[in-house]
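Listing of start34.cif, mmCIF, C-alpha atoms and all ligand atoms
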```cif
data_my_file
#
loop_
_atom_site.label_atom_id
_atom_site.label_comp_id
_atom_site.auth_asym_id
_atom_site.auth_seq_id
_atom_site.Cartn_x
_atom_site.Cartn_y
_atom_site.Cartn_z
CA MET A 1 219.08 7.72 16.45
CA LYS A 2 220.38 7.78 12.91
CA LEU A 3 220.84 10.71 10.57
CA GLY A 4 219.38 10.50 7.09
CA LEU A 5 218.67 12.61 4.03
CA GLY A 6 215.47 12.64 1.99
CA LEU A 7 216.13 12.65 -1.74
CA TYR A 8 213.63 13.45 -4.49
CA ARG A 9 213.50 11.13 -7.48
CA HIS A 10 215.85 13.16 -9.68
CA MET A 11 218.38 13.22 -6.80
CA LEU A 12 218.74 9.42 -6.58
CA ASN A 13 222.28 9.31 -7.95
CA ASP A 14 225.88 9.05 -6.76
CA ASP A 15 226.47 12.81 -6.43
CA TYR A 16 223.64 13.16 -3.93
CA TYR A 17 224.64 9.97 -2.11
CA ALA A 18 228.18 11.37 -1.73
CA PHE A 19 226.72 14.66 -0.44
CA ALA A 20 224.73 12.67 2.16
CA VAL A 21 227.80 10.73 3.33
CA GLN A 22 229.88 13.93 3.44
CA SER A 23 227.19 15.55 5.62
CA GLY A 24 227.38 12.74 8.18
CA CYS A 25 224.33 10.74 7.07
CA THR A 26 224.06 6.98 7.25
CA HIS A 27 220.56 6.61 5.78
CA VAL A 28 218.47 7.72 2.82
CA ILE A 29 214.71 8.23 2.48
CA ALA A 30 213.86 8.01 -1.22
CA HIS A 31 210.99 9.68 -3.06
CA LEU A 32 210.01 7.72 -6.17
CA VAL A 33 207.11 9.97 -7.20
CA ASP A 34 208.26 12.56 -9.72
CA TYR A 35 206.58 15.63 -8.22
CA PHE A 36 208.14 17.93 -10.77
CA LYS A 37 206.92 16.41 -14.05
CA GLN A 38 205.40 19.24 -16.16
CA GLY A 39 204.76 21.36 -13.08
CA ALA A 40 204.46 24.96 -14.24
CA ALA A 41 205.24 26.61 -10.88
CA ASN A 42 207.41 23.91 -9.33
CA PRO A 43 211.19 24.30 -9.71
CA ALA A 44 213.14 21.05 -9.21
CA HIS A 45 216.00 22.62 -7.20
CA ASN A 46 213.68 23.23 -4.22
CA GLN A 47 211.10 21.23 -2.27
CA PRO A 48 207.98 20.78 -4.44
CA THR A 49 206.21 24.11 -3.99
CA GLY A 50 203.68 24.49 -6.78
CA GLY A 51 201.39 27.50 -6.51
CA LYS A 52 198.77 28.21 -3.86
CA ASP A 53 196.25 26.22 -5.91
CA THR A 54 198.43 25.11 -8.83
CA PRO A 55 199.36 21.42 -8.67
CA TRP A 56 202.96 20.23 -8.46
CA GLY A 57 203.00 18.17 -11.63
CA VAL A 58 201.54 15.20 -13.45
CA ALA A 59 201.31 11.83 -11.66
CA GLY A 60 203.12 8.74 -12.94
CA ASP A 61 202.02 5.79 -15.06
CA PRO A 62 199.31 3.79 -13.28
CA ARG A 63 200.24 0.68 -15.31
CA HIS A 64 203.84 0.70 -14.10
CA LEU A 65 204.03 -0.17 -10.40
CA TRP A 66 207.38 -0.08 -8.63
CA THR A 67 208.75 -3.64 -8.86
CA ALA A 68 210.81 -5.67 -6.42
CA ALA A 69 213.64 -5.72 -9.01
CA GLU A 70 213.68 -1.89 -9.31
CA LEU A 71 213.48 -1.43 -5.56
CA THR A 72 216.26 -3.95 -4.95
CA ALA A 73 218.47 -2.22 -7.54
CA LEU A 74 217.85 1.11 -5.78
CA ARG A 75 218.69 -0.35 -2.37
CA ARG A 76 221.92 -1.88 -3.74
CA GLN A 77 222.93 1.38 -5.46
CA ILE A 78 222.46 3.25 -2.17
CA GLU A 79 224.33 0.59 -0.20
CA ALA A 80 227.20 0.69 -2.72
CA ALA A 81 227.53 4.39 -1.82
CA GLY A 82 227.86 3.50 1.87
CA LEU A 83 224.29 4.31 2.94
CA LYS A 84 221.14 2.42 3.89
CA LEU A 85 217.72 2.83 2.30
CA GLU A 86 215.33 3.28 5.21
CA ALA A 87 212.07 4.20 3.50
CA ILE A 88 210.18 5.08 0.37
CA GLU A 89 208.29 8.31 1.01
CA ASN A 90 204.86 8.67 -0.65
CA LEU A 91 202.74 6.65 -3.04
CA ASP A 92 202.26 7.90 -6.56
CA PRO A 93 198.74 9.40 -6.84
CA ALA A 94 198.43 7.43 -10.10
CA TYR A 95 198.45 4.22 -8.02
CA TRP A 96 195.85 5.12 -5.38
CA TYR A 97 193.73 8.14 -6.36
CA ASP A 98 190.50 6.15 -6.16
CA ILE A 99 191.40 4.96 -2.64
CA LEU A 100 191.54 8.62 -1.59
CA LEU A 101 188.44 9.49 -3.62
CA ASP A 102 186.51 6.23 -3.02
CA GLY A 103 186.16 5.92 -6.79
CA PRO A 104 185.36 3.03 -9.14
CA ARG A 105 188.96 1.78 -9.32
CA ARG A 106 189.38 1.50 -5.57
CA ALA A 107 189.59 -2.32 -5.41
CA GLU A 108 192.15 -2.48 -8.23
CA GLN A 109 194.21 0.28 -6.58
CA MET A 110 194.20 -1.50 -3.20
CA ARG A 111 195.81 -4.39 -5.07
CA ASN A 112 198.40 -1.86 -6.35
CA VAL A 113 199.24 -0.80 -2.80
CA GLN A 114 199.42 -4.40 -1.62
CA ALA A 115 201.71 -5.31 -4.54
CA ILE A 116 204.02 -2.39 -3.69
CA LEU A 117 204.15 -3.44 -0.02
CA ARG A 118 205.09 -7.00 -1.03
CA ALA A 119 207.72 -5.69 -3.48
CA MET A 120 209.21 -3.49 -0.77
CA GLY A 121 209.38 -6.45 1.61
CA GLU A 122 211.10 -8.52 -1.03
CA ALA A 123 213.55 -5.67 -1.69
CA GLY A 124 214.32 -5.26 2.02
CA ILE A 125 212.98 -1.71 2.44
CA PRO A 126 211.35 -1.44 5.87
CA ILE A 127 209.11 1.66 5.70
CA LEU A 128 206.54 3.19 3.33
CA GLY A 129 205.68 6.81 4.15
CA TYR A 130 202.21 7.94 3.02
CA ASN A 131 199.97 10.96 3.31
CA PHE A 132 196.25 10.15 3.28
CA SER A 133 195.07 13.44 1.88
CA ILE A 134 192.74 14.63 -0.87
CA ALA A 135 194.09 18.17 -1.26
CA GLY A 136 197.68 17.15 -0.44
CA VAL A 137 200.43 19.64 0.35
CA CYS A 138 199.12 22.88 -1.17
CA GLY A 139 197.74 26.28 -0.28
CA ARG A 140 201.22 27.65 0.39
CA VAL A 141 203.08 30.68 -0.86
CA SER A 142 206.84 31.14 -1.36
CA GLY A 143 208.86 34.22 -0.49
CA PRO A 144 211.87 35.64 1.37
CA PHE A 145 210.32 34.65 4.71
CA ALA A 146 213.31 33.05 6.49
CA ARG A 147 216.32 34.64 8.21
CA GLY A 148 218.32 36.99 6.03
CA GLY A 149 215.68 36.91 3.32
CA ALA A 150 216.17 33.23 2.50
CA GLU A 151 213.34 31.88 0.34
CA SER A 152 210.98 29.60 2.20
CA VAL A 153 207.31 28.64 2.11
CA GLY A 154 204.38 29.49 4.31
CA MET A 155 200.71 30.34 4.35
CA ASP A 156 199.01 33.71 4.20
CA GLY A 157 195.47 32.60 4.99
CA GLU A 158 192.92 29.86 4.26
CA VAL A 159 192.69 28.55 0.72
CA ASP A 160 189.18 27.75 -0.38
CA THR A 161 189.38 27.26 -4.16
CA PRO A 162 187.79 23.94 -5.15
CA ILE A 163 189.93 21.15 -6.58
CA PRO A 164 189.42 20.59 -10.31
CA ASN A 165 188.42 17.12 -11.54
CA GLY A 166 191.49 15.03 -12.39
CA VAL A 167 193.57 16.44 -9.52
CA VAL A 168 194.16 14.76 -6.17
CA TRP A 169 197.02 14.96 -3.64
CA ASN A 170 198.05 18.17 -5.45
CA MET A 171 199.00 16.28 -8.62
CA VAL A 172 197.20 15.77 -11.93
CA TYR A 173 196.20 12.12 -12.30
CA ASP A 174 193.81 12.61 -15.26
CA PRO A 175 194.65 15.48 -17.64
CA ASP A 176 191.54 14.62 -19.69
CA ALA A 177 189.06 14.78 -16.81
CA PRO A 178 185.76 16.54 -17.61
CA VAL A 179 185.54 20.20 -16.61
CA GLY A 180 184.25 20.64 -13.06
CA THR A 181 185.35 20.35 -9.46
CA LEU A 182 185.50 17.72 -6.77
CA ALA A 183 182.52 17.54 -4.40
CA SER A 184 183.29 18.18 -0.73
CA ILE A 185 183.12 15.28 1.73
CA THR A 186 182.90 15.21 5.54
CA HIS A 187 185.69 14.55 8.03
CA ASP A 188 183.93 11.33 9.10
CA GLU A 189 183.88 10.11 5.51
CA LEU A 190 187.62 10.76 5.16
CA TRP A 191 188.34 8.82 8.37
CA ARG A 192 186.15 5.99 7.10
CA ARG A 193 188.24 5.86 3.91
CA LEU A 194 191.47 5.79 5.92
CA GLU A 195 190.19 3.01 8.20
CA ARG A 196 189.23 0.91 5.19
CA PHE A 197 192.64 1.54 3.62
CA LEU A 198 194.49 0.49 6.76
CA GLU A 199 192.29 -2.59 7.29
CA GLU A 200 193.26 -3.84 3.84
CA ALA A 201 196.88 -2.65 3.76
CA LEU A 202 198.17 -3.39 7.27
CA PRO A 203 197.92 -7.22 7.19
CA VAL A 204 199.88 -7.26 3.92
CA ALA A 205 202.43 -4.75 5.26
CA GLU A 206 202.91 -6.73 8.44
CA LYS A 207 203.45 -9.97 6.54
CA ALA A 208 205.95 -8.24 4.24
CA GLY A 209 207.85 -6.73 7.19
CA VAL A 210 207.04 -3.19 6.07
CA ARG A 211 205.76 -0.39 8.30
CA LEU A 212 203.25 2.17 7.00
CA ALA A 213 204.16 5.66 8.23
CA ALA A 214 201.48 8.38 8.13
CA HIS A 215 202.44 12.02 7.55
CA PRO A 216 200.10 14.60 9.14
CA ASP A 217 198.33 17.17 6.96
CA ASP A 218 200.65 19.88 5.74
CA PRO A 219 199.60 22.64 6.12
CA PRO A 220 197.33 21.55 8.98
CA THR A 221 194.10 23.45 8.45
CA PRO A 222 190.73 21.76 9.24
CA THR A 223 189.83 21.93 5.56
CA MET A 224 191.89 22.68 2.47
CA ARG A 225 190.33 23.60 -0.86
CA ARG A 226 186.90 22.58 0.51
CA GLN A 227 188.09 19.07 1.47
CA PRO A 228 188.51 17.78 5.04
CA ARG A 229 191.97 17.20 6.54
CA LEU A 230 192.67 14.12 8.65
CA VAL A 231 195.40 14.91 11.21
CA TYR A 232 195.35 18.70 11.63
CA GLN A 233 195.82 18.84 15.41
CA GLN A 234 198.50 17.01 17.40
CA ALA A 235 196.02 14.92 19.43
CA MET A 236 194.42 13.58 16.23
CA TYR A 237 197.39 11.30 15.60
CA GLN A 238 196.08 9.19 18.50
CA ARG A 239 192.88 8.41 16.60
CA LEU A 240 194.96 7.17 13.67
CA ILE A 241 197.09 4.90 15.81
CA ASP A 242 194.07 3.61 17.73
CA ILE A 243 192.61 2.27 14.47
CA SER A 244 194.98 -0.70 14.69
CA PRO A 245 197.53 -2.04 17.18
CA SER A 246 199.53 -3.50 14.26
CA PRO A 247 203.27 -2.78 14.58
CA SER A 248 203.04 -1.66 10.94
CA ASN A 249 200.70 1.22 11.88
CA GLN A 250 203.16 4.06 12.48
CA PHE A 251 203.89 7.75 11.92
CA GLU A 252 206.06 9.72 9.56
CA PHE A 253 206.43 12.23 12.35
CA CYS A 254 206.71 15.72 10.86
CA LEU A 255 207.75 18.25 13.52
CA GLY A 256 207.21 21.29 11.29
CA THR A 257 203.65 20.30 10.48
CA LEU A 258 202.91 19.48 14.13
CA ALA A 259 204.34 22.85 15.18
CA GLU A 260 202.04 24.65 12.71
CA MET A 261 198.97 23.20 14.49
CA THR A 262 196.93 25.59 16.63
CA GLU A 263 196.44 23.23 19.62
CA GLY A 264 198.75 21.13 21.76
CA ASP A 265 202.17 21.29 23.38
CA LEU A 266 204.68 19.95 20.89
CA TYR A 267 207.10 18.71 23.59
CA GLN A 268 204.34 16.72 25.32
CA THR A 269 203.22 15.42 21.93
CA VAL A 270 206.72 14.22 21.01
CA ASP A 271 207.04 12.59 24.44
CA ARG A 272 203.63 10.94 24.18
CA TYR A 273 203.97 9.38 20.73
CA SER A 274 207.64 8.43 20.99
CA ALA A 275 206.88 6.71 24.33
CA GLN A 276 204.24 4.66 22.46
CA ARG A 277 206.98 3.63 20.03
CA ARG A 278 204.93 4.63 17.02
CA LEU A 279 207.46 6.78 15.18
CA ALA A 280 208.80 5.21 12.00
CA TYR A 281 210.99 8.23 11.18
CA VAL A 282 211.07 11.93 11.92
CA HIS A 283 211.01 15.04 9.69
CA PHE A 284 212.92 17.92 11.28
CA ARG A 285 211.77 21.39 10.27
CA ASN A 286 211.26 24.57 12.25
CA VAL A 287 208.51 27.15 11.74
CA SER A 288 207.26 30.51 12.91
CA GLY A 289 203.52 31.05 13.44
CA LYS A 290 200.53 28.73 13.20
CA ALA A 291 198.40 27.64 10.26
CA PRO A 292 196.98 29.40 8.31
CA HIS A 293 199.60 32.10 9.05
CA TYR A 294 203.10 30.65 9.40
CA HIS A 295 206.36 30.27 7.52
CA GLU A 296 209.13 27.71 7.46
CA THR A 297 212.41 28.81 9.08
CA PHE A 298 215.98 27.63 9.47
CA ILE A 299 216.25 24.72 11.91
CA ASP A 300 217.79 26.89 14.66
CA ASP A 301 215.56 29.91 14.09
CA GLY A 302 211.90 28.96 14.57
CA GLU A 303 209.68 28.60 17.62
CA VAL A 304 210.64 25.00 18.36
CA ASP A 305 213.61 24.12 20.60
CA MET A 306 215.00 21.34 18.44
CA LEU A 307 217.61 20.25 21.02
CA ARG A 308 214.78 19.68 23.46
CA ILE A 309 212.99 17.54 20.84
CA LEU A 310 216.16 15.48 20.26
CA TYR A 311 216.51 15.07 24.03
CA LEU A 312 212.92 13.73 24.30
CA LEU A 313 213.37 11.30 21.39
CA HIS A 314 216.60 10.02 22.93
CA LYS A 315 215.00 9.74 26.39
CA ASN A 316 212.30 7.50 24.90
CA ASP A 317 214.90 5.35 23.10
CA PHE A 318 213.79 6.30 19.60
CA ASP A 319 216.36 4.53 17.44
CA GLY A 320 215.02 5.34 13.97
CA VAL A 321 216.09 7.83 11.34
CA VAL A 322 215.77 11.61 11.56
CA ILE A 323 215.96 13.70 8.38
CA PRO A 324 215.72 17.36 7.48
CA ASP A 325 212.23 17.96 6.04
CA HIS A 326 212.51 21.19 4.08
CA ALA A 327 215.04 23.96 4.58
CA PRO A 328 215.00 27.56 3.34
CA GLN A 329 216.92 28.17 0.10
CA MET A 330 220.27 29.84 0.77
CA ASN A 331 221.82 32.48 -1.51
CA CYS A 332 224.49 30.61 -3.45
CA SER A 333 224.81 28.45 -6.53
CA ALA A 334 223.43 25.39 -4.69
CA PRO A 335 220.52 26.70 -2.57
CA TRP A 336 219.02 23.28 -1.79
CA HIS A 337 222.36 21.73 -0.84
CA ALA A 338 223.31 24.66 1.37
CA GLY A 339 220.00 24.56 3.24
CA MET A 340 220.31 20.81 3.78
CA ALA A 341 223.99 20.97 4.83
CA HIS A 342 223.11 23.63 7.42
CA THR A 343 220.26 21.50 8.81
CA LEU A 344 222.32 18.30 8.78
CA GLY A 345 225.21 19.99 10.59
CA PHE A 346 222.81 21.20 13.29
CA LEU A 347 221.26 17.73 13.65
CA ARG A 348 224.63 15.95 13.68
CA ALA A 349 225.77 18.15 16.58
CA GLY A 350 222.43 17.78 18.37
CA LEU A 351 222.48 13.98 18.08
CA ASP A 352 226.01 13.87 19.45
CA ALA A 353 224.98 16.14 22.32
CA VAL A 354 221.99 14.05 23.46
CA GLU A 355 223.93 10.82 23.08
CA ARG A 356 226.55 12.33 25.40
CA GLY A 357 223.95 13.10 28.06
CA PHE A 358 222.89 16.67 27.24
CA VAL A 359 219.76 17.72 29.14
CA PRO A 360 218.13 21.07 28.30
CA ALA A 361 218.81 23.47 31.18
CA GLU A 362 215.19 24.55 31.38
CA LEU A 363 213.96 21.01 32.24
CA PRO A 364 211.84 20.65 34.21
CA ARG A 365 210.40 23.85 32.80
CA GLN A 366 208.84 26.21 35.37
CA PRO A 367 205.33 27.47 34.59
MN MN A 401 207.11 16.68 6.56
#
```
Structure re-expressed in C-alpha cells:
Amino acid sequence: MKLGLGLYRHMLNDDYYAFAVQSGCTHVIAHLVDYFKQGAANPAHNQPTGGKDTPWGVAGDPRHLWTAAELTALRRQIEAAGLKLEAIENLDPAYWYDILLDGPRRAEQMRNVQAILRAMGEAGIPILGYNFSIAGVCGRVSGPFARGGAESVGMDGEVDTPIPNGVVWNMVYDPDAPVGTLASITHDELWRRLERFLEEALPVAEKAGVRLAAHPDDPPTPTMRRQPRLVYQQAMYQRLIDISPSPSNQFEFCLGTLAEMTEGDLYQTVDRYSAQRRLAYVHFRNVSGKAPHYHETFIDDGEVDMLRILYLLHKNDFDGVVIPDHAPQMNCSAPWHAGMAHTLGFLRAGLDAVERGFVPAELPRQP
C-alpha cells in the first residue's frame, strides 16, 4: 500500500507537494474542479463544506475540457517534486450535468467524458474518481463536533429542500436557469442513468488504460433533497460492480461514507470488496454515528478500528494508494495542514505496522 495526499485545485503547487513529501507521502490525488469559486459559505482552507442546502460554488467552463497537455504538465510538476500523480478526483459538473440529469446535452457531454479519459491515458494518469450523484455532497452542517472541540462536519437530520434549477452535484452549472426546482426521479431511473454512463465510458477508459473509480453517496441517505442516492448501503456497491466486469470498473472506496451507512459490517465489507480487487484507491476518515445523525472525527477517535481496516487491506494484497479523506480542523494557524499531518502520521505508522505483520489482537473476534 502507498500513502498519498488529496489536494484541491488551489493546493496544486510546490508548497503542498513539499508538505506531502514531508508527511511521508509518495502519491498525490488531484482535484481539478474548483469547488470554491464564488461559494458564499465555503471557505477554501477546509474541505468544501457549503451550507446544508447552499451549493459549494460555480462549476467550471464547459467549453474548456482538461487537455492531455495540461494533464501531462501537472503530472510532470508533481513528479519533479518527488511524487506520483495517481488519480484525478471528480469530473467538473460543467462537463457532465446532462449525463446526471439525462438532459438534452447528454450525448455531447458523453463525448466530453470520453475525451477526458483519452487525455488522461495520454498523460499517464491511471485513475479517474467520480461520484454519480444528483444532489452531490450536501445536507451537512459544520461545528465543533470532533475531539477537543475541533471543527468538523456532520448531519443533524434528513434534508428535504428541493434542488433549484441550474444546480447539480451541489454546484451551480447554470446561474441563469429559470426559477424553479428539479423534479424528483426514482432510484431505478438513477441506476439506469449510471448503467448507460458506464456502458459508454468503460470501453474508452479501458482502451486508454484508465480506471473509473466510483465514490459512494456522501452522506449516505436513501434520498437527498428529494433525489435518489445510488450507493447508500454497503451492499449496494456490489450492484455497481456487477454492471460490468471491466477492469476499469472500480471503487473510490470511502471508509467514512461506508461507516455512516445504517446497514452492514464495515470489516466484512472491506474484506469482501478488496478480495474482489475492485478498489482503485481508499479514502480514510473516521466517524461517529450513522446517517442522518453522525459527525466526522479524528482518524483515531471514531467508531472504526482503522488498524483493523489496514490489516484487512494488506491481507487481501491491496497495493493501491490510501489517502486521508477529510480531517477535523485543528486550532492553529494552519488548521487543514494540522488535521492532515495528524491523519498521515497515523496512517504512516499503521501501514508500517501491517507490513511488519501486525494482526489485531481481537481477531478472530468473539461474538
Ligand atoms: Mn470520501
Q.
Just want the 7 Å neighbourhood of A:Tyr281, counted on all atoms listed in the file, with same-chain residues fewer than 2 positions away dropped. Output as a list in words.
A.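 Residues meeting the cut-off are Glu252, Phe253, Leu279, His283, Gly320, Val321 and Val322 of chain A.
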With ligand MN 401 (chain A) as the partner and 9 Å as the cut-off, tabulate the residues of chain A that qualify, each row holding the nearest pair of atoms and their distance in Å to one decimal, using all atoms listed in the file, sorted by chain and rising number, as CSV.
```
residue,atom,partner,partner_atom,distance
A:His215,CA,A:MN401,MN,6.7
A:Pro216,CA,A:MN401,MN,7.8
A:Asp217,CA,A:MN401,MN,8.8
A:Asp218,CA,A:MN401,MN,7.3
A:Glu252,CA,A:MN401,MN,7.7
A:Phe253,CA,A:MN401,MN,7.3
A:Cys254,CA,A:MN401,MN,4.4
A:Leu255,CA,A:MN401,MN,7.2
A:Gly256,CA,A:MN401,MN,6.6
A:Thr257,CA,A:MN401,MN,6.4
A:Val282,CA,A:MN401,MN,8.2
A:His283,CA,A:MN401,MN,5.3
A:Phe284,CA,A:MN401,MN,7.6
A:Arg285,CA,A:MN401,MN,7.6
A:Pro324,CA,A:MN401,MN,8.7
A:Asp325,CA,A:MN401,MN,5.3
A:His326,CA,A:MN401,MN,7.5
```
With 8 Å as the cut-off and only C-alpha atoms counted, what is the closest atom pair between each nearby residue of stretch 30-78 of chain A and stretch 144-165 of chain A? Distances in Å to one decimal, ordered by chain and number, as a tab-separated table.
```
residue	atom	partner	partner_atom	distance
A:Thr49	CA	A:Val153	CA	7.7
A:Lys52	CA	A:Val159	CA	7.6
A:Asp53	CA	A:Thr161	CA	7.2
```
Q | All residues 10 Å or closer to stretch 203-212 of chain A, all atoms listed in the file, same chain fewer than 2 positions away omitted, as number ranges by chain | A | A: 87, 89, 113-130, 198-201, 214-215, 246-252, 280
Q: May I ask which of the residues A:Ile241, A:Leu85, A:Leu71, A:Val21 is the closest one to A:Arg278, counting all atoms listed in the file?
A: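 When distances to A:Arg278 are compared using all atoms listed in the file, the smallest one comes from A:Ile241.
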Write out as a CSV table (one decimal) with C-alpha atoms, in the frame of the given file which residues come within 8 Å of A:Ile299 when counting only C-alpha atoms, dropping same-chain ones fewer than 4 positions away.
```
chain,number,residue,atom,x,y,z
A,284,PHE,CA,212.9,17.9,11.3
A,285,ARG,CA,211.8,21.4,10.3
A,286,ASN,CA,211.3,24.6,12.2
A,306,MET,CA,215.0,21.3,18.4
A,327,ALA,CA,215.0,24.0,4.6
A,343,THR,CA,220.3,21.5,8.8
A,346,PHE,CA,222.8,21.2,13.3
```
Q: Name all residues at most 9 Å from A:Val28 (count all atoms listed in the file; drop same-chain ones fewer than 3 positions away) and give them as a ChimeraX atom specification.
A: /A:3-7,17,20,25,78,83-87,321,323
**Q.** Best match for closeness to A:Leu266 among A:Arg356, A:Gly166, A:Asp102, A:Ile309, counting all atoms listed in the file
**A.** A:Ile309
Q: Could you tell me how far atom CA of A:Thr26 lies from atom CA of A:Phe358, in Å and to one decimal?
A: 22.2 Å
Q. If you count all atoms listed in the file, which residues fall within 9 Å of stretch 183-196 of chain A, apart from same-chain ones fewer than 6 positions away, as a VMD selection string?
A. chain A and resid 99 to 102 132 to 134 162 to 163 222 to 223 225 to 230 240 243 to 244
Q.
Let me make sure I understand: among A:Trp96, A:Tyr232, A:Tyr35, A:Tyr267, which one has the smallest atom-to-atom distance to A:Leu313 if we use all atoms listed in the file?
A.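 For A:Leu313, the nearest of the candidates is A:Tyr267.
Among the candidates A:Pro292, A:Pro220, A:Gly60, A:Gly103, the residue lying nearest to A:Leu91 is A:Gly60 (atoms considered: only C-alpha atoms).
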(Q) Please compute the atom CA of A:Arg63-atom CA of A:Asn170 distance, one decimal, in Å. (A) 20.2 Å
Let me know the centre plus edge lengths, in Å and rounded to one decimal, of a box with edges along x, y and z that contains all listed atoms of stretch 180-190 of chain A and is padded by 8 Å on every side, as AutoDock Vina command-line options.
```
--center_x 185.1 --center_y 15.4 --center_z -2.0 --size_x 21.1 --size_y 26.5 --size_z 38.2
```
**Q.** Expected residue set, 10 Å radius at (223.1, 17.0, 14.3), only C-alpha atoms, as an MDAnalysis selection string
**A.** chainID A and resid 2:3 23:25 307 310 322:323 342:354
